[in-house]
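**Student:** This is the structure I have questions about; it appears just below.
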Protein chains: 2
Amino acid sequence: MVGSDAQLLESSATAELEAYRHLHSALRLGRYRAGDRLIPEDIAAEIGMSRMPVREAFRRLAADGLVVIRPNRGCIVAGLTLDEIYETFEIRSVLEGLAVRLAMPSIDAEVIAELERLLDRMERAGVSGSSDWVARHHEFHATIYGLSGRPKLIKQIAALHVTIEPYLRIWFDYVEKPLSAREEHSSLIEALRTGDAAFAETAMQKHILGTAPMLAEFASPDRR
Amino acid sequence: MVGSDAQLLESSATAELEAYRHLHSALRLGRYRAGDRLIPEDIAAEIGMSRMPVREAFRRLAADGLVVIRPNRGCIVAGLTLDEIYETFEIRSVLEGLAVRLAMPSIDAEVIAELERLLDRMERAGVSGSSDWVARHHEFHATIYGLSGRPKLIKQIAALHVTIEPYLRIWFDYVEKPLSAREEHSSLIEALRTGDAAFAETAMQKHILGTAPMLAEFASPDRR
DNA sequence: GATTGTATCAGTGGATACATTTATATAGCG
DNA sequence: CGCTATATAAATGTATCCACTGATACAATC
């Protein structure tokens, strides 16, 4: 074999996987608008395959909550209502809270240093205007919850992040540079430094619930 | 149309939905063993359709964590390792904890009475030997987290319950009548009676984490 | 006798073709 | 003039077909 992780080139193991990845990233980047209808044939043509694998990709995306499939009525981009955004943050708060609590034993000085590096990168990505601040932001959180060592938990949290990513982007595009974000996250690091798992858990919960209202301000008005 | 909610008869809106429901309940009831391979053609023949809708049902089941699909190697029944059982209960604990906290304002004397009725039905189902004690048990929990009024949260919790249901059944079949369960759940009701949301949340967390080890004892030995 | 190579076969993935259903536009009617 | 009914077109859902992958059993060779 040439490489152990072999998707450096765009081709995937199966066409379905390729379709899934294609749509997944497109949705994450906000390439489609909530309510848009996804026509299997068009997407199939885009990436050179038949409708069939695309349909199956739809099923998985629906499970991720990124699209909604109504029988005989096609596949539409999901989007979140204001209530759903709040709900997602509520769920995130307890899930990521649990994750830090479990991650606590693995968090040493080295991890703290890494998180501070990521925080700097986040800020730099922010001033460059590009909205890959969002990617860095996720990286920061992923580093923490990744240390929980709980595969299912990690997957669920990651899925929630993808769901809200388009809204994070919109929010970021409105407010020039989120100064508050820097403070928010570095105080989170402080909480980790204490070594107190329960304290870190509630700190994470508050952090997440605290950002929800800011984001909600910018939810597509027609979706409220 | 004959009726507004038309799945009283076994036919569903689409063949895919029918296949999904069929397999979903079969997996919940433990009709298949972990590691079993599901052959699309066989299942399609069972319920009178082609492989295609069955394949799509597989995708959704995989998203639910009930089966695992490996490219070119078919679909196998998922099953949980010991670690995964614990992890599932950890996730349940915070999710259902959140749910009670949110449900608290909706919990009045009437709901308490309903829960006590359900607890009795649960006990009766238990002595009758039938393992639909499991169904009653879930009904009890579902009543509580259903009052949270959070659709996504409810779905996620329900999915976790389905995942562990086969193990609950095995556990129930081993221990004649779970006496402790009655106590456990009625003390949970007591916690609800206090009206203290934070207290109820931690009570639920403890309740769920407390049952995990009992169940883990009976996880299929080959899956540990 | 064990290991490796090869042939065969079951099963999966994907594409095309067909059947149903929904949406749209048009015509008829009140 | 507005509404309903019907016809038509577009898109979804399902079935069948073909190509390819992976597994298994057998044979040849070391």
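Each chain of the structure tokens is named A, B, ... in the order shown, its residues numbered from 1; ligands are numbered from 1 in display order.
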Taking only C-alpha atoms (C1' of nucleotides) into account and nothing else, which residues of chain D lie no more than 10 Å away from chain B? Please answer as a list in words.

**Tutor:**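 Output check: DG13, DT14, DA15, DT16, DC20, DT21, DG22 and DA23 of chain D.
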
**Student:** Skipping near chain neighbours, those fewer than 3 positions away, what residues fall within 12 Å of segment 2-5 of chain D using only C-alpha atoms (C1' of nucleotides), listed as a list in words?

**Tutor:** DT26, DA27, DG28, DC29 and DG30 of chain C

**Student:** Pick from A:Gly195, A:Pro213, A:Gly48, A:Gly65: nearest to chain C, with only C-alpha atoms (C1' of nucleotides) counted?

**Tutor:**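 Distance minimum relative to chain C lands on A:Gly48.
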
**Student:** Write out as a VMD selection string which residues come within 12 Å of segment 146-156 of chain B when counting only C-alpha atoms (C1' of nucleotides), dropping same-chain ones fewer than 4 positions away.

**Tutor:** (chain A and resid 63 to 65 80 83 to 92 94 to 95 153 156 to 157 160) or (chain B and resid 63 to 65 88 91 to 92 94 to 108 111 138 to 142 160 to 163 197)

**Student:** Write out the residues from the selection above, keeping N, CA and C atoms, as a compact mmCIF listing (two decimals), in the first residue's frame.

**Tutor:**
```txt
# COMPACT_ATOMS: atom_id res chain seq x y z
N ALA A 63 -29.57 11.94 9.26
CA ALA A 63 -29.29 11.44 10.61
C ALA A 63 -28.44 12.44 11.39
N ASP A 64 -27.57 13.14 10.68
CA ASP A 64 -26.73 14.17 11.31
C ASP A 64 -27.52 15.43 11.62
N GLY A 65 -28.73 15.48 11.09
CA GLY A 65 -29.55 16.66 11.30
C GLY A 65 -29.23 17.80 10.36
N LEU A 80 -31.61 25.73 11.47
CA LEU A 80 -32.14 25.66 12.82
C LEU A 80 -33.04 26.84 13.11
N ASP A 83 -35.30 28.42 18.50
CA ASP A 83 -35.44 27.45 19.59
C ASP A 83 -34.45 26.31 19.44
N GLU A 84 -34.26 25.85 18.22
CA GLU A 84 -33.36 24.73 18.00
C GLU A 84 -31.91 25.11 18.26
N ILE A 85 -31.57 26.36 17.97
CA ILE A 85 -30.22 26.81 18.28
C ILE A 85 -29.99 26.77 19.79
N TYR A 86 -30.95 27.29 20.53
CA TYR A 86 -30.83 27.24 21.99
C TYR A 86 -30.75 25.80 22.48
N GLU A 87 -31.60 24.98 21.92
CA GLU A 87 -31.61 23.57 22.34
C GLU A 87 -30.26 22.91 22.08
N THR A 88 -29.70 23.19 20.90
CA THR A 88 -28.41 22.62 20.57
C THR A 88 -27.34 23.04 21.57
N PHE A 89 -27.39 24.29 21.97
CA PHE A 89 -26.42 24.77 22.94
C PHE A 89 -26.65 24.17 24.33
N GLU A 90 -27.89 23.94 24.67
CA GLU A 90 -28.18 23.27 25.94
C GLU A 90 -27.58 21.87 25.94
N ILE A 91 -27.78 21.17 24.84
CA ILE A 91 -27.26 19.80 24.75
C ILE A 91 -25.74 19.83 24.77
N ARG A 92 -25.19 20.75 23.97
CA ARG A 92 -23.73 20.89 23.96
C ARG A 92 -23.20 21.15 25.37
N VAL A 94 -24.17 20.27 28.37
CA VAL A 94 -24.02 19.11 29.26
C VAL A 94 -23.06 18.08 28.67
N LEU A 95 -23.09 17.94 27.35
CA LEU A 95 -22.22 16.95 26.72
C LEU A 95 -20.75 17.37 26.82
N LEU A 153 -19.26 9.90 22.63
CA LEU A 153 -19.45 11.26 23.12
C LEU A 153 -18.81 12.26 22.16
N GLN A 156 -20.83 12.67 18.94
CA GLN A 156 -22.06 13.44 19.13
C GLN A 156 -21.76 14.92 19.23
N ILE A 157 -20.75 15.27 19.99
CA ILE A 157 -20.41 16.67 20.15
C ILE A 157 -19.97 17.26 18.81
N LEU A 160 -22.81 18.10 16.64
CA LEU A 160 -23.50 19.32 17.04
C LEU A 160 -22.75 20.56 16.56
N ALA B 63 -26.53 4.98 11.50
CA ALA B 63 -26.50 6.29 12.14
C ALA B 63 -27.01 6.19 13.58
N ASP B 64 -27.97 5.31 13.80
CA ASP B 64 -28.49 5.09 15.16
C ASP B 64 -27.52 4.30 16.02
N GLY B 65 -26.50 3.77 15.37
CA GLY B 65 -25.54 2.96 16.11
C GLY B 65 -25.99 1.53 16.34
N THR B 88 -22.36 4.89 27.21
CA THR B 88 -23.74 5.20 26.90
C THR B 88 -24.49 5.68 28.15
N ILE B 91 -23.43 9.24 29.00
CA ILE B 91 -24.11 10.22 28.15
C ILE B 91 -25.56 10.36 28.57
N ARG B 92 -26.21 9.22 28.78
CA ARG B 92 -27.59 9.24 29.24
C ARG B 92 -27.71 10.08 30.52
N VAL B 94 -26.10 12.65 31.74
CA VAL B 94 -26.15 14.12 31.60
C VAL B 94 -27.33 14.56 30.73
N LEU B 95 -27.64 13.77 29.71
CA LEU B 95 -28.75 14.14 28.83
C LEU B 95 -30.09 14.06 29.57
N GLU B 96 -30.32 12.96 30.24
CA GLU B 96 -31.58 12.83 30.97
C GLU B 96 -31.59 13.74 32.19
N GLY B 97 -30.41 14.01 32.72
CA GLY B 97 -30.32 14.98 33.81
C GLY B 97 -30.79 16.34 33.32
N LEU B 98 -30.26 16.76 32.19
CA LEU B 98 -30.70 18.02 31.58
C LEU B 98 -32.20 18.00 31.34
N ALA B 99 -32.68 16.88 30.83
CA ALA B 99 -34.10 16.78 30.50
C ALA B 99 -34.99 16.98 31.72
N VAL B 100 -34.67 16.33 32.84
CA VAL B 100 -35.51 16.55 34.04
C VAL B 100 -35.44 17.98 34.49
N ARG B 101 -34.26 18.54 34.47
CA ARG B 101 -34.11 19.93 34.91
C ARG B 101 -35.06 20.81 34.11
N LEU B 102 -35.08 20.60 32.79
CA LEU B 102 -35.95 21.41 31.93
C LEU B 102 -37.42 21.04 32.10
N ALA B 103 -37.64 19.78 32.46
CA ALA B 103 -39.02 19.31 32.59
C ALA B 103 -39.66 19.80 33.89
N MET B 104 -38.83 20.14 34.84
CA MET B 104 -39.29 20.45 36.19
C MET B 104 -40.52 21.35 36.26
N PRO B 105 -40.54 22.47 35.53
CA PRO B 105 -41.71 23.34 35.63
C PRO B 105 -43.02 22.64 35.22
N SER B 106 -42.89 21.61 34.37
CA SER B 106 -44.10 20.93 33.89
C SER B 106 -44.54 19.80 34.80
N ILE B 107 -43.73 19.53 35.81
CA ILE B 107 -44.05 18.39 36.67
C ILE B 107 -44.89 18.82 37.87
N ASP B 108 -46.16 18.46 37.80
CA ASP B 108 -47.09 18.79 38.88
C ASP B 108 -47.59 17.50 39.52
N VAL B 111 -48.65 14.73 37.11
CA VAL B 111 -47.55 13.99 36.49
C VAL B 111 -46.99 12.97 37.48
N HIS B 138 -38.98 1.96 29.97
CA HIS B 138 -38.68 3.06 29.06
C HIS B 138 -39.80 4.09 29.07
N GLU B 139 -41.03 3.60 29.17
CA GLU B 139 -42.18 4.49 29.22
C GLU B 139 -42.05 5.45 30.41
N PHE B 140 -41.63 4.91 31.51
CA PHE B 140 -41.43 5.72 32.72
C PHE B 140 -40.42 6.85 32.45
N HIS B 141 -39.28 6.48 31.95
CA HIS B 141 -38.25 7.48 31.66
C HIS B 141 -38.71 8.45 30.58
N ALA B 142 -39.36 7.91 29.55
CA ALA B 142 -39.80 8.75 28.43
C ALA B 142 -40.80 9.79 28.88
N LEU B 160 -30.58 6.36 22.55
CA LEU B 160 -29.69 5.68 23.49
C LEU B 160 -30.42 4.53 24.20
N HIS B 161 -31.68 4.77 24.52
CA HIS B 161 -32.46 3.72 25.17
C HIS B 161 -32.58 2.50 24.27
N VAL B 162 -32.81 2.74 22.98
CA VAL B 162 -32.94 1.62 22.05
C VAL B 162 -31.64 0.83 22.01
N THR B 163 -30.54 1.55 22.01
CA THR B 163 -29.23 0.91 21.95
C THR B 163 -29.00 -0.06 23.11
N ALA B 197 -35.08 21.74 40.79
CA ALA B 197 -34.60 21.27 39.49
C ALA B 197 -33.18 20.73 39.57
```

**Student:** So which bits of chain A end up strand (DSSP E) when you DSSP the backbone, as a list in words?

**Tutor:**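 So the strand (DSSP E) residues in chain A would be Arg37, Leu38, Val67, Val68, Ile69, Cys75, Ile76 and Val77 of chain A.
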
**Student:** Env of Pro166 of chain B: 8 Å cut, atoms = only C-alpha atoms (C1' of nucleotides), seq-sep filter 6 positions within chain, self excluded. Answer as a PDB file with N, CA and C atoms, in the first residue's frame.

**Tutor:**
```
ATOM      1  N   LEU B  27     -34.058  -5.445  16.109  1.00  0.00           N
ATOM      2  CA  LEU B  27     -32.798  -5.219  16.821  1.00  0.00           C
ATOM      3  C   LEU B  27     -33.060  -4.866  18.273  1.00  0.00           C
ATOM      4  N   ARG B  28     -34.100  -4.071  18.510  1.00  0.00           N
ATOM      5  CA  ARG B  28     -34.446  -3.688  19.867  1.00  0.00           C
ATOM      6  C   ARG B  28     -34.810  -4.910  20.688  1.00  0.00           C
ATOM      7  N   LEU B  29     -35.559  -5.805  20.062  1.00  0.00           N
ATOM      8  CA  LEU B  29     -36.010  -7.003  20.770  1.00  0.00           C
ATOM      9  C   LEU B  29     -34.905  -8.042  20.893  1.00  0.00           C
ATOM     10  N   GLY B  30     -33.762  -7.732  20.308  1.00  0.00           N
ATOM     11  CA  GLY B  30     -32.648  -8.670  20.420  1.00  0.00           C
ATOM     12  C   GLY B  30     -32.806  -9.901  19.546  1.00  0.00           C
TER      13      GLY B  30
END
```

**Student:** Kindly provide, as a list in words, the residues of chain C having any atom no farther than 8 Å from an atom of chain A, counting only C-alpha atoms (C1' of nucleotides).

**Tutor:**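 Therefore, the residues near the partner are DG13, DG14, DA15, DT21 and DT22 of chain C.
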
**Student:** Going by DSSP on the backbone, which bits of chain B are alpha helix (DSSP H)? Write them as a PyMOL selection string, please.

**Tutor:** chain B and resi 15-28+40-47+51-63+82-103+109-127+133-146+151-174+179-193+197-216

**Student:** Contacts of Gly79 of chain A at 8 Å or less, counting only C-alpha atoms (C1' of nucleotides), minus same-chain residues fewer than 3 places along, as a count of residues only?

**Tutor:** 6

**Student:** So which one's closest to DA28 of chain D, C:DG11, C:DT16, C:DA25, C:DT6? Using only C-alpha atoms (C1' of nucleotides), please.

**Tutor:** C:DT6

**Student:** Which neighbours of DT4 of chain C fall inside 12 Å, counting only C-alpha atoms (C1' of nucleotides), when residues of the same chain fewer than 5 positions from it are skipped, and could you give them as a list in words?

**Tutor:**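 Counting only C-alpha atoms (C1' of nucleotides), the residues come to DA27, DA28, DT29 and DC30 of chain D.
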